[in-house]
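What's in target_37.pdb: PDB, C-alpha atoms and all ligand atoms
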ATOM      1  CA  MET A 145      90.915 129.549 112.104
ATOM      2  CA  ASN A 146      92.306 126.604 110.205
ATOM      3  CA  GLY A 147      91.572 125.957 106.573
ATOM      4  CA  ARG A 148      88.840 123.438 105.879
ATOM      5  CA  ASP A 149      91.345 120.804 104.863
ATOM      6  CA  GLY A 150      93.141 121.154 108.184
ATOM      7  CA  ARG A 151      96.087 123.140 106.749
ATOM      8  CA  ARG A 152      97.100 126.582 107.939
ATOM      9  CA  CYS A 153      95.353 129.443 106.147
ATOM     10  CA  LYS A 154      97.655 131.521 103.970
ATOM     11  CA  TRP A 155      96.553 134.741 105.699
ATOM     12  CA  TRP A 156      96.616 133.500 109.270
ATOM     13  CA  SER A 157      98.888 131.275 111.226
ATOM     14  CA  PRO A 158      98.666 130.662 114.951
ATOM     15  CA  PRO A 159     101.015 132.817 117.051
ATOM     16  CA  ALA A 160     104.007 130.927 118.395
ATOM     17  CA  PRO A 161     103.198 129.946 121.993
ATOM     18  CA  PRO A 162     105.517 131.254 124.691
ATOM     19  CA  GLU A 163     108.362 128.878 125.589
ATOM     20  CA  ARG A 164     107.349 128.869 129.259
ATOM     21  CA  TRP A 165     103.967 127.284 128.509
ATOM     22  CA  PRO A 166     103.728 123.704 129.678
ATOM     23  CA  TYR A 167     104.361 121.348 126.773
ATOM     24  CA  HIS A 168     100.748 120.119 126.493
ATOM     25  CA  ARG A 169      99.684 123.704 125.682
ATOM     26  CA  ARG A 170     102.264 123.980 122.895
ATOM     27  CA  VAL A 171     100.998 121.016 120.834
ATOM     28  CA  ASN A 172      97.860 120.760 118.759
ATOM     29  CA  ILE A 173      96.593 119.059 115.617
ATOM     30  CA  LEU A 174      98.859 121.253 113.444
ATOM     31  CA  THR A 175     102.065 120.231 115.247
ATOM     32  CA  ASN A 176     104.450 118.760 112.681
ATOM     33  CA  ALA A 177     104.821 115.417 114.465
ATOM     34  CA  ASP A 178     106.575 112.537 112.674
ATOM     35  CA  LEU A 179     106.180 109.468 114.847
ATOM     36  CA  HIS A 180     107.326 106.628 112.573
ATOM     37  CA  CYS A 181     110.717 106.070 110.928
ATOM     38  CA  HIS A 182     113.626 103.621 110.858
ATOM     39  CA  SER A 183     117.378 103.874 111.421
ATOM     40  CA  ASP A 184     120.200 101.454 110.658
ATOM     41  CA  VAL A 185     119.442  99.868 114.032
ATOM     42  CA  SER A 186     116.670  98.108 112.057
ATOM     43  CA  ASP A 187     116.114  98.424 108.299
ATOM     44  CA  GLY A 188     116.718 102.131 107.654
ATOM     45  CA  THR A 189     119.962 103.360 106.110
ATOM     46  CA  LEU A 190     120.636 106.456 108.264
ATOM     47  CA  THR A 191     121.920 106.559 111.839
ATOM     48  CA  PRO A 192     119.612 107.777 114.642
ATOM     49  CA  GLU A 193     121.741 110.966 114.786
ATOM     50  CA  ALA A 194     121.422 111.643 111.040
ATOM     51  CA  LEU A 195     117.649 111.105 111.264
ATOM     52  CA  ALA A 196     117.342 113.601 114.126
ATOM     53  CA  HIS A 197     119.078 116.245 112.002
ATOM     54  CA  ARG A 198     117.038 115.403 108.924
ATOM     55  CA  ALA A 199     113.797 115.584 110.903
ATOM     56  CA  GLN A 200     114.665 118.988 112.292
ATOM     57  CA  GLY A 201     115.840 120.242 108.884
ATOM     58  CA  ASN A 202     112.463 119.231 107.438
ATOM     59  CA  GLY A 203     110.557 121.175 110.113
ATOM     60  CA  VAL A 204     109.555 118.275 112.359
ATOM     61  CA  GLU A 205     108.489 119.610 115.776
ATOM     62  CA  LEU A 206     108.033 116.274 117.578
ATOM     63  CA  TRP A 207     109.926 113.180 116.512
ATOM     64  CA  SER A 208     110.030 109.441 117.253
ATOM     65  CA  LEU A 209     112.388 106.752 115.971
ATOM     66  CA  THR A 210     110.418 103.475 115.692
ATOM     67  CA  ASP A 211     112.865 100.731 114.739
ATOM     68  CA  HIS A 212     111.383  97.275 114.083
ATOM     69  CA  ASP A 213     111.325  95.002 117.172
ATOM     70  CA  GLU A 214     114.179  96.946 118.759
ATOM     71  CA  VAL A 215     114.798  99.795 121.218
ATOM     72  CA  GLY A 216     118.600  99.697 120.885
ATOM     73  CA  GLY A 217     118.670 103.106 119.150
ATOM     74  CA  GLN A 218     116.442 104.938 121.641
ATOM     75  CA  HIS A 219     119.090 106.465 123.888
ATOM     76  CA  ARG A 220     121.041 107.671 120.835
ATOM     77  CA  ALA A 221     117.918 109.172 119.252
ATOM     78  CA  MET A 222     116.948 110.837 122.510
ATOM     79  CA  ALA A 223     120.426 112.316 123.023
ATOM     80  CA  ALA A 224     120.630 113.540 119.428
ATOM     81  CA  ALA A 225     117.167 115.128 119.639
ATOM     82  CA  ARG A 226     117.983 116.784 122.952
ATOM     83  CA  ALA A 227     121.262 118.178 121.585
ATOM     84  CA  ILE A 228     119.472 119.973 118.741
ATOM     85  CA  GLY A 229     116.391 121.086 120.701
ATOM     86  CA  LEU A 230     113.913 118.641 119.141
ATOM     87  CA  PRO A 231     111.118 117.234 121.384
ATOM     88  CA  TYR A 232     111.174 113.429 121.334
ATOM     89  CA  LEU A 233     108.895 110.448 122.093
ATOM     90  CA  THR A 234     110.432 106.979 122.476
ATOM     91  CA  GLY A 235     109.284 104.529 119.801
ATOM     92  CA  THR A 236     109.339 101.043 118.334
ATOM     93  CA  GLU A 237     107.361  99.042 115.744
ATOM     94  CA  ILE A 238     106.519  95.495 116.824
ATOM     95  CA  SER A 239     105.842  92.682 114.324
ATOM     96  CA  VAL A 240     102.677  90.787 115.288
ATOM     97  CA  SER A 241     100.839  87.841 113.725
ATOM     98  CA  PHE A 242      97.056  88.268 113.731
ATOM     99  CA  ALA A 243      94.674  86.073 111.714
ATOM    100  CA  ASP A 244      97.599  84.770 109.611
ATOM    101  CA  VAL A 245      98.684  88.264 108.576
ATOM    102  CA  THR A 246     101.691  90.254 109.826
ATOM    103  CA  VAL A 247     100.503  93.434 111.530
ATOM    104  CA  HIS A 248     102.749  96.186 112.865
ATOM    105  CA  ILE A 249     102.040  97.799 116.221
ATOM    106  CA  VAL A 250     103.874 101.046 116.957
ATOM    107  CA  GLY A 251     104.684 101.814 120.585
ATOM    108  CA  LEU A 252     105.204 105.435 121.670
ATOM    109  CA  GLY A 253     106.252 107.161 124.874
ATOM    110  CA  PHE A 254     107.319 104.059 126.862
ATOM    111  CA  ASP A 255     110.274 103.630 129.211
ATOM    112  CA  PRO A 256     113.048 102.401 126.856
ATOM    113  CA  ASP A 257     114.746 100.538 129.726
ATOM    114  CA  ASP A 258     111.652  98.535 130.735
ATOM    115  CA  ALA A 259     112.822  94.931 131.257
ATOM    116  CA  SER A 260     109.633  93.141 130.060
ATOM    117  CA  LEU A 261     109.441  95.256 126.915
ATOM    118  CA  LYS A 262     113.107  94.558 126.132
ATOM    119  CA  ALA A 263     112.669  90.817 126.757
ATOM    120  CA  GLY A 264     109.522  90.730 124.571
ATOM    121  CA  LEU A 265     111.305  92.506 121.728
ATOM    122  CA  ALA A 266     114.306  90.166 122.035
ATOM    123  CA  SER A 267     111.995  87.145 121.730
ATOM    124  CA  THR A 268     110.286  88.726 118.701
ATOM    125  CA  ARG A 269     113.680  89.254 117.017
ATOM    126  CA  GLY A 270     114.651  85.634 117.681
ATOM    127  CA  GLY A 271     114.113  83.447 114.651
ATOM    128  CA  ARG A 272     114.982  86.173 112.146
ATOM    129  CA  GLU A 273     118.307  84.541 111.296
ATOM    130  CA  ALA A 274     116.791  81.083 110.696
ATOM    131  CA  ARG A 275     114.065  82.706 108.576
ATOM    132  CA  ALA A 276     116.696  84.615 106.592
ATOM    133  CA  ARG A 277     118.613  81.404 105.857
ATOM    134  CA  GLU A 278     115.403  79.826 104.529
ATOM    135  CA  MET A 279     114.721  82.919 102.421
ATOM    136  CA  ALA A 280     118.225  82.590 100.935
ATOM    137  CA  GLU A 281     117.649  78.896 100.170
ATOM    138  CA  GLN A 282     114.481  79.747  98.250
ATOM    139  CA  LEU A 283     116.253  82.488  96.316
ATOM    140  CA  ALA A 284     119.076  80.067  95.470
ATOM    141  CA  MET A 285     116.468  77.750  93.927
ATOM    142  CA  VAL A 286     115.526  80.486  91.453
ATOM    143  CA  GLY A 287     119.188  81.125  90.643
ATOM    144  CA  ILE A 288     120.033  83.936  93.080
ATOM    145  CA  LYS A 289     123.074  82.709  95.000
ATOM    146  CA  GLY A 290     124.686  84.060  98.149
ATOM    147  CA  ALA A 291     121.666  86.048  99.319
ATOM    148  CA  PHE A 292     122.164  85.410 103.043
ATOM    149  CA  GLU A 293     125.750  86.724 103.028
ATOM    150  CA  GLY A 294     124.736  89.440 100.564
ATOM    151  CA  ALA A 295     121.856  90.688 102.714
ATOM    152  CA  LEU A 296     124.073  90.591 105.813
ATOM    153  CA  ARG A 297     126.334  93.214 104.238
ATOM    154  CA  TYR A 298     123.426  95.684 104.489
ATOM    155  CA  VAL A 299     122.593  94.828 108.090
ATOM    156  CA  GLY A 300     123.506  97.378 110.774
ATOM    157  CA  ASN A 301     122.223  95.198 113.644
ATOM    158  CA  PRO A 302     123.006  91.466 113.266
ATOM    159  CA  ASP A 303     119.923  90.699 115.395
ATOM    160  CA  LEU A 304     117.672  92.297 112.852
ATOM    161  CA  ILE A 305     118.134  90.874 109.388
ATOM    162  CA  SER A 306     114.952  91.777 107.477
ATOM    163  CA  ARG A 307     113.401  91.483 104.037
ATOM    164  CA  THR A 308     114.533  95.056 103.360
ATOM    165  CA  HIS A 309     118.180  93.935 103.540
ATOM    166  CA  PHE A 310     117.470  91.143 101.032
ATOM    167  CA  ALA A 311     115.708  93.686  98.812
ATOM    168  CA  ARG A 312     118.844  95.882  98.796
ATOM    169  CA  PHE A 313     120.989  92.885  97.857
ATOM    170  CA  LEU A 314     118.639  92.005  94.949
ATOM    171  CA  VAL A 315     118.913  95.585  93.658
ATOM    172  CA  GLU A 316     122.716  95.467  94.001
ATOM    173  CA  GLN A 317     122.746  92.248  91.954
ATOM    174  CA  GLY A 318     120.680  93.885  89.203
ATOM    175  CA  VAL A 319     117.777  91.456  89.733
ATOM    176  CA  CYS A 320     115.446  94.454  90.140
ATOM    177  CA  GLN A 321     115.707  98.215  89.544
ATOM    178  CA  ASP A 322     114.657  99.256  93.039
ATOM    179  CA  THR A 323     113.377  97.821  96.316
ATOM    180  CA  HIS A 324     109.737  98.530  95.443
ATOM    181  CA  GLU A 325     110.108  96.302  92.375
ATOM    182  CA  VAL A 326     111.688  93.601  94.566
ATOM    183  CA  PHE A 327     108.583  93.460  96.766
ATOM    184  CA  ARG A 328     106.390  93.053  93.665
ATOM    185  CA  HIS A 329     108.325  89.998  92.428
ATOM    186  CA  TYR A 330     110.086  88.500  95.443
ATOM    187  CA  LEU A 331     109.894  88.179  99.252
ATOM    188  CA  THR A 332     106.092  88.508  99.469
ATOM    189  CA  GLU A 333     103.424  85.816  99.728
ATOM    190  CA  GLY A 334     103.461  83.441  96.764
ATOM    191  CA  LYS A 335     106.784  84.833  95.450
ATOM    192  CA  PRO A 336     110.315  83.378  95.754
ATOM    193  CA  GLY A 337     112.026  84.182  99.035
ATOM    194  CA  TYR A 338     108.832  84.425 101.106
ATOM    195  CA  VAL A 339     109.000  82.522 104.379
ATOM    196  CA  PRO A 340     105.946  82.758 106.656
ATOM    197  CA  HIS A 341     106.887  83.632 110.204
ATOM    198  CA  ARG A 342     105.167  83.634 113.620
ATOM    199  CA  TRP A 343     105.710  87.010 115.231
ATOM    200  CA  ALA A 344     104.499  88.280 118.622
ATOM    201  CA  ARG A 345     100.862  87.947 119.680
ATOM    202  CA  LEU A 346      98.745  91.103 119.488
ATOM    203  CA  GLY A 347      97.912  91.091 123.203
ATOM    204  CA  ASP A 348     101.545  90.588 124.204
ATOM    205  CA  ALA A 349     102.814  93.452 122.022
ATOM    206  CA  VAL A 350     100.137  95.831 123.328
ATOM    207  CA  ARG A 351     100.888  94.840 126.929
ATOM    208  CA  TRP A 352     104.690  95.207 126.599
ATOM    209  CA  ILE A 353     104.151  98.786 125.387
ATOM    210  CA  THR A 354     101.420  99.861 127.795
ATOM    211  CA  GLN A 355     103.028  98.272 130.866
ATOM    212  CA  ALA A 356     106.176 100.240 130.030
ATOM    213  CA  GLY A 357     104.103 103.441 130.240
ATOM    214  CA  GLY A 358     103.540 103.919 126.504
ATOM    215  CA  MET A 359     100.703 103.918 123.996
ATOM    216  CA  ALA A 360     100.125 101.148 121.428
ATOM    217  CA  VAL A 361      99.159 102.328 117.930
ATOM    218  CA  ILE A 362      98.045 100.234 114.922
ATOM    219  CA  ALA A 363     100.586 101.037 112.178
ATOM    220  CA  HIS A 364      99.463 101.737 108.567
ATOM    221  CA  PRO A 365      96.189  99.741 108.776
ATOM    222  CA  ALA A 366      95.466 100.009 105.032
ATOM    223  CA  ARG A 367      98.478  97.791 104.258
ATOM    224  CA  TYR A 368      96.949  94.603 105.656
ATOM    225  CA  ARG A 369      95.047  92.272 103.382
ATOM    226  CA  TYR A 370      92.039  91.832 105.628
ATOM    227  CA  THR A 371      88.368  91.446 104.873
ATOM    228  CA  PRO A 372      86.224  94.103 106.605
ATOM    229  CA  THR A 373      85.279  91.486 109.233
ATOM    230  CA  GLU A 374      88.921  90.639 109.980
ATOM    231  CA  GLU A 375      89.832  94.311 110.140
ATOM    232  CA  TYR A 376      86.972  94.913 112.584
ATOM    233  CA  ALA A 377      88.304  92.018 114.682
ATOM    234  CA  LEU A 378      91.798  93.536 114.688
ATOM    235  CA  PHE A 379      90.537  96.924 115.874
ATOM    236  CA  SER A 380      88.179  95.384 118.483
ATOM    237  CA  GLU A 381      90.764  93.009 119.951
ATOM    238  CA  PHE A 382      93.430  95.725 119.887
ATOM    239  CA  LYS A 383      91.137  97.942 121.983
ATOM    240  CA  GLU A 384      90.285  95.094 124.353
ATOM    241  CA  HIS A 385      93.996  94.551 124.998
ATOM    242  CA  GLY A 386      94.417  98.245 125.865
ATOM    243  CA  GLY A 387      95.539  99.678 122.510
ATOM    244  CA  GLN A 388      94.681 103.367 122.150
ATOM    245  CA  GLY A 389      95.892 104.707 118.806
ATOM    246  CA  VAL A 390      95.876 104.233 115.040
ATOM    247  CA  GLU A 391      98.016 105.735 112.284
ATOM    248  CA  VAL A 392      95.778 107.773 110.016
ATOM    249  CA  VAL A 393      98.234 109.893 108.019
ATOM    250  CA  THR A 394     101.228 107.737 107.029
ATOM    251  CA  GLY A 395     103.512 107.375 104.031
ATOM    252  CA  SER A 396     101.722 104.056 103.340
ATOM    253  CA  HIS A 397      98.227 105.559 102.939
ATOM    254  CA  THR A 398      96.473 107.311 100.061
ATOM    255  CA  ALA A 399      94.368 110.431 100.670
ATOM    256  CA  ALA A 400      91.220 108.251 100.517
ATOM    257  CA  GLU A 401      92.724 106.011 103.199
ATOM    258  CA  TYR A 402      93.351 109.044 105.464
ATOM    259  CA  VAL A 403      89.586 109.597 105.340
ATOM    260  CA  LYS A 404      88.704 105.931 105.894
ATOM    261  CA  TYR A 405      90.975 105.557 108.938
ATOM    262  CA  ALA A 406      89.976 108.959 110.334
ATOM    263  CA  ASP A 407      86.437 107.522 110.438
ATOM    264  CA  MET A 408      87.710 104.269 111.990
ATOM    265  CA  ALA A 409      89.626 106.245 114.661
ATOM    266  CA  GLN A 410      86.414 108.029 115.603
ATOM    267  CA  GLU A 411      84.295 104.871 115.461
ATOM    268  CA  PHE A 412      86.675 103.016 117.799
ATOM    269  CA  GLY A 413      87.546 105.989 119.999
ATOM    270  CA  LEU A 414      91.260 105.855 119.123
ATOM    271  CA  TYR A 415      93.838 108.636 119.140
ATOM    272  CA  ALA A 416      95.269 109.370 115.675
ATOM    273  CA  SER A 417      98.948 109.269 114.711
ATOM    274  CA  ARG A 418     101.006 110.636 111.847
ATOM    275  CA  GLY A 419     104.343 109.310 110.572
ATOM    276  CA  SER A 420     106.282 109.076 107.334
ATOM    277  CA  ASP A 421     107.688 105.522 107.828
ATOM    278  CA  PHE A 422     110.890 106.963 106.334
ATOM    279  CA  HIS A 423     113.637 104.336 105.759
ATOM    280  CA  SER A 424     116.145 105.840 103.344
ATOM    281  CA  PRO A 425     116.717 108.925 101.147
ATOM    282  CA  GLU A 426     117.167 106.621  98.129
ATOM    283  CA  GLU A 427     114.208 104.314  98.738
ATOM    284  CA  SER A 428     111.477 106.185 100.605
ATOM    285  CA  ARG A 429     108.815 108.136  98.758
ATOM    286  CA  THR A 430     107.811 110.147 101.830
ATOM    287  CA  ASP A 431     110.440 112.163 103.654
ATOM    288  CA  LEU A 432     110.348 113.007 107.363
ATOM    289  CA  GLY A 433     107.894 115.778 108.248
ATOM    290  CA  THR A 434     106.332 116.200 104.801
ATOM    291  CA  LEU A 435     102.912 114.557 105.205
ATOM    292  CA  PRO A 436      99.623 116.499 105.383
ATOM    293  CA  HIS A 437      98.192 117.304 108.815
ATOM    294  CA  LEU A 438      95.720 114.998 110.536
ATOM    295  CA  PRO A 439      92.075 115.614 109.590
ATOM    296  CA  GLY A 440      90.738 118.273 111.987
ATOM    297  CA  ALA A 441      88.216 116.328 114.068
ATOM    298  CA  LEU A 442      90.725 113.775 115.388
ATOM    299  CA  LYS A 443      92.513 113.625 118.718
ATOM    300  CA  PRO A 444      96.274 113.395 118.074
ATOM    301  CA  VAL A 445      98.292 110.799 120.004
ATOM    302  CA  TRP A 446     100.773 113.554 120.893
ATOM    303  CA  GLU A 447      98.174 115.400 122.973
ATOM    304  CA  ALA A 448      97.533 112.271 125.057
ATOM    305  CA  LEU A 449     101.298 111.603 125.283
ATOM    306  CA  ALA A 450     102.372 115.192 126.050
ATOM    307  CA  HIS A 451     103.517 114.117 129.531
ATOM    308  CA  ARG A 452     105.824 111.481 127.958
ATOM    309  CA  VAL A 453     107.605 113.890 125.590
ATOM    310  CA  ILE A 454     111.317 114.302 126.300
ATOM    311  CA  LEU A 455     112.040 117.988 126.131
ATOM    312  CA  PRO A 456     115.426 119.464 125.269
ATOM    313  CA  HIS A 457     115.533 121.609 128.414
TER     314      HIS A 457
HETATM  315  P1  LIG B 501     110.433  91.930 107.744
HETATM  316  O1  LIG B 501     110.223  92.551 109.104
HETATM  317  O2  LIG B 501     111.759  91.240 107.617
HETATM  318  O3  LIG B 501     109.284  91.066 107.308
HETATM  319  O4  LIG B 501     110.542  93.124 106.694
HETATM  320  C1  LIG B 501     109.483  94.033 106.582
HETATM  321  C2  LIG B 501     109.967  95.323 105.955
HETATM  322  O5  LIG B 501     110.106  95.155 104.553
HETATM  323  C3  LIG B 501     108.972  96.444 106.125
HETATM  324  O6  LIG B 501     109.139  97.107 107.340
HETATM  325  C4  LIG B 501     109.316  97.345 104.960
HETATM  326  O7  LIG B 501     110.428  98.132 105.302
HETATM  327  C5  LIG B 501     109.720  96.361 103.899
HETATM  328  N1  LIG B 501     108.583  95.999 103.023
HETATM  329  C6  LIG B 501     107.711  95.009 103.181
HETATM  330  N2  LIG B 501     106.815  94.968 102.175
HETATM  331  C7  LIG B 501     107.136  95.992 101.359
HETATM  332  C8  LIG B 501     106.588  96.489 100.145
HETATM  333  N3  LIG B 501     105.549  95.904  99.558
HETATM  334  N4  LIG B 501     107.193  97.550  99.595
HETATM  335  C9  LIG B 501     108.260  98.132 100.165
HETATM  336  N5  LIG B 501     108.815  97.701 101.318
HETATM  337  C10 LIG B 501     108.256  96.645 101.907
HETATM  338 MN    MN B 502     110.849  98.476 107.490
HETATM  339 MN    MN B 503     105.467  98.712 109.194
HETATM  340 MN    MN B 504     107.788 101.125 109.708
END
Written as structure tokens, how would this file's structure read?
Amino acid sequence: MNGRDGRRCKWWSPPAPPERWPYHRRVNILTNADLHCHSDVSDGTLTPEALAHRAQGNGVELWSLTDHDEVGGQHRAMAAARAIGLPYLTGTEISVSFADVTVHIVGLGFDPDDASLKAGLASTRGGREARAREMAEQLAMVGIKGAFEGALRYVGNPDLISRTHFARFLVEQGVCQDTHEVFRHYLTEGKPGYVPHRWARLGDAVRWITQAGGMAVIAHPARYRYTPTEEYALFSEFKEHGGQGVEVVTGSHTAAEYVKYADMAQEFGLYASRGSDFHSPEESRTDLGTLPHLPGALKPVWEALAHRVILPH
């Protein structure tokens, strides 16, 4: 009964399921799940509590906060979601180095107190400060002084100074109009302020998530500059390590990329995820809960993770 493009038909919408149904019967491909966003515990600008309210206000029906390399906001996000009646999945986004490219692996539905996961994330965060100091030195060489201290003023979590915080400082200084322009001229490969970094290994990141009871998901695959062979290697090795999901509909993909990665999800037998990657009302082009639905033939990650959803009651 759904429209061909996977949206609800104008003349028919599914009846609301009774509240007493078990949760797995209340979710389907049309559930407005947003399983990727950032708070000020990493490089977003809103608190976990403000994000929970924004998600609900935008019609999100299942939410996850996925801060970079950090689970420090999970209990706050969970409590805020519970208080307003919003179903929640725990989340994080782990920085990984694979074939000399930084890849992001989202983890969903894990135990946020798992000791190995927390230790792995702490080791991944380590080195960010030294990297940031080197970034500032490079920027100083092109005449931008005080970038380390300047970026720090935007940091909510001193353990997690990121390129986003430098980007905000460069906008503040009038070097660029907005953060998107910053990433075109600075902080990326071949541009001033870019410092290559060794992040976690793919297998380690996938294992930290899965051993904590969660599902590993390849984040925004279209963003990586891989040849088709390298991309195939990423998907194959990810599966071999126990990874089970891929983001298909994300704020980082075009409509053509939804189609490409829907095909890849089916080819590799992966569950499909959907998430805005919202960081900030001023900077993000995609708000929480506003993306199109997943293409109809896919299996959503939230059906496989229904038993891990934290329900308000
Ligand atoms: P880091 O983990 O310090 O390398 O910072 C990565 C973050 O910078 C990403 O999560 C994005 O929030 C932001 N970022 C990286 N590249 C871009 C880009 N091209 N445009 C906008 N934001 C970007
Ligand atoms: Mn980010
Ligand atoms: Mn990412
Ligand atoms: Mn992200």
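Here atom CA of Val390 of chain A stands at a distance of 5.2 Å from atom CA of Ala416 of chain A.
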Please provide the set of residues having any atom within 8 Å of segment 413-415 of chain A, restricted to all atoms listed in the file, with same-chain residues fewer than 5 positions apart removed, written as a PyMOL selection string.
-> chain A and resi 388-390+442-445+448
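Of the listed residues A:Leu174, A:Val339, A:Ala284, A:Ala363, the one whose atoms come nearest to His212 of chain A is A:Ala363, with distances taken using all atoms listed in the file.
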Could you give me, as a PyMOL selection string, the residues that have an atom at most 12 Å away from the point (91.2, 90.3, 112.8) in the coordinates of the file, using all atoms listed in the file?
-> chain A and resi 240-247+346+365+368-383
Centre, x/y/z edge lengths, axis-aligned box for ligand LIG 501 (chain B) with 5 Å per side, as JSON:
{"center_x": 108.7, "center_y": 94.6, "center_z": 104.3, "size_x": 16.2, "size_y": 17.1, "size_z": 19.5}
Residues within 9 Å of ligand MN 504 (chain B) (all atoms listed in the file), as a tab-separated table (two decimals) with C-alpha atoms, in the frame of the given file?
chain	number	residue	atom	x	y	z
A	180	HIS	CA	107.33	106.63	112.57
A	181	CYS	CA	110.72	106.07	110.93
A	182	HIS	CA	113.63	103.62	110.86
A	187	ASP	CA	116.11	98.42	108.30
A	210	THR	CA	110.42	103.48	115.69
A	211	ASP	CA	112.86	100.73	114.74
A	212	HIS	CA	111.38	97.28	114.08
A	236	THR	CA	109.34	101.04	118.33
A	237	GLU	CA	107.36	99.04	115.74
A	248	HIS	CA	102.75	96.19	112.86
A	250	VAL	CA	103.87	101.05	116.96
A	363	ALA	CA	100.59	101.04	112.18
A	364	HIS	CA	99.46	101.74	108.57
A	419	GLY	CA	104.34	109.31	110.57
A	420	SER	CA	106.28	109.08	107.33
A	421	ASP	CA	107.69	105.52	107.83
A	422	PHE	CA	110.89	106.96	106.33
A	423	HIS	CA	113.64	104.34	105.76
Shell of 9 Å around Ala280 of chain A, all atoms listed in the file, local chain residues under 2 positions omitted, as a PyMOL selection string = chain A and resi 275-278+282-285+288-293+310+337
Who sits within 9 Å of Ile173 of chain A, all atoms listed in the file, same chain under 6 positions skipped, as a VMD selection string | chain A and resid 150 437 to 444 446 to 447
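In this model, the gap between atom N3 of ligand LIG 501 (chain B) and atom CA of His324 of chain A comes to 6.4 Å.
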Could you jot down the atom CA of Leu265 of chain A to atom CA of Glu214 of chain A separation for me, Å, one decimal place?
-> 6.1 Å
Using all atoms listed in the file, find each residue with an atom at most 6 Å away from ligand LIG 501 (chain B) and format the answer as a list in words.
-> Ser306, Arg307, Thr308, His324 and Phe327 of chain A
For each of A:Leu314, A:Val319, A:Val215, A:Ala223, take the minimum atom-to-atom distance to Ala259 of chain A, counting all atoms listed in the file, then give the residue where this is smallest.
-> A:Val215
Please evaluate the PyMOL selection byres (((chain A and resi 184) around 9) and not hetatm) against the structure above and give the resulting residues as a list in words.
-> His182, Ser183, Val185, Ser186, Asp187, Gly188, Thr189, Leu190, Thr191, Pro192, Asp211, Gly217, Val299, Gly300, Asn301 and His423 of chain A
For this file, the PyMOL selection byres (((chain A and resi 178) around 6) and not hetatm) selects which residues, as a PyMOL selection string?
-> chain A and resi 177+179-180+207+418-419+433
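With all atoms listed in the file as the basis for measurement, A:Leu304 is the residue among A:Leu304, A:Ala196, A:Tyr330, A:Thr268 that approaches ligand MN 502 (chain B) most closely.
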Restricting the calculation to only C-alpha atoms, which member of A:Ile362, A:Leu435, A:Ile249, A:Ala311 is positioned closest to Tyr338 of chain A?
-> A:Ala311
Given the file shown, enumerate the residues that the PyMOL selection byres (((chain A and resi 227) around 12) and not hetatm) captures and present them as a list of chain:residue names.
-> A:Glu193, A:Ala196, A:His197, A:Gln200, A:Arg220, A:Ala221, A:Met222, A:Ala223, A:Ala224, A:Ala225, A:Arg226, A:Ile228, A:Gly229, A:Leu230, A:Pro231, A:Tyr232, A:Ile454, A:Leu455, A:Pro456, A:His457
All residues 9 Å or closer to Val453 of chain A, all atoms listed in the file, same chain fewer than 3 positions away omitted, as a PyMOL selection string = chain A and resi 167+206+231-234+253+446+449-450
For the selection you just gave me, I'd like the residues written to a file as a short mmCIF file (atom, residue, chain, number, x, y, z; two decimals), in the coordinates of the input, keeping C-alpha atoms.
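selection.cif, freshly written:
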data_model
loop_
_atom_site.label_atom_id
_atom_site.label_comp_id
_atom_site.auth_asym_id
_atom_site.auth_seq_id
_atom_site.Cartn_x
_atom_site.Cartn_y
_atom_site.Cartn_z
CA TYR A 167 104.36 121.35 126.77
CA LEU A 206 108.03 116.27 117.58
CA PRO A 231 111.12 117.23 121.38
CA TYR A 232 111.17 113.43 121.33
CA LEU A 233 108.90 110.45 122.09
CA THR A 234 110.43 106.98 122.48
CA GLY A 253 106.25 107.16 124.87
CA TRP A 446 100.77 113.55 120.89
CA LEU A 449 101.30 111.60 125.28
CA ALA A 450 102.37 115.19 126.05
#
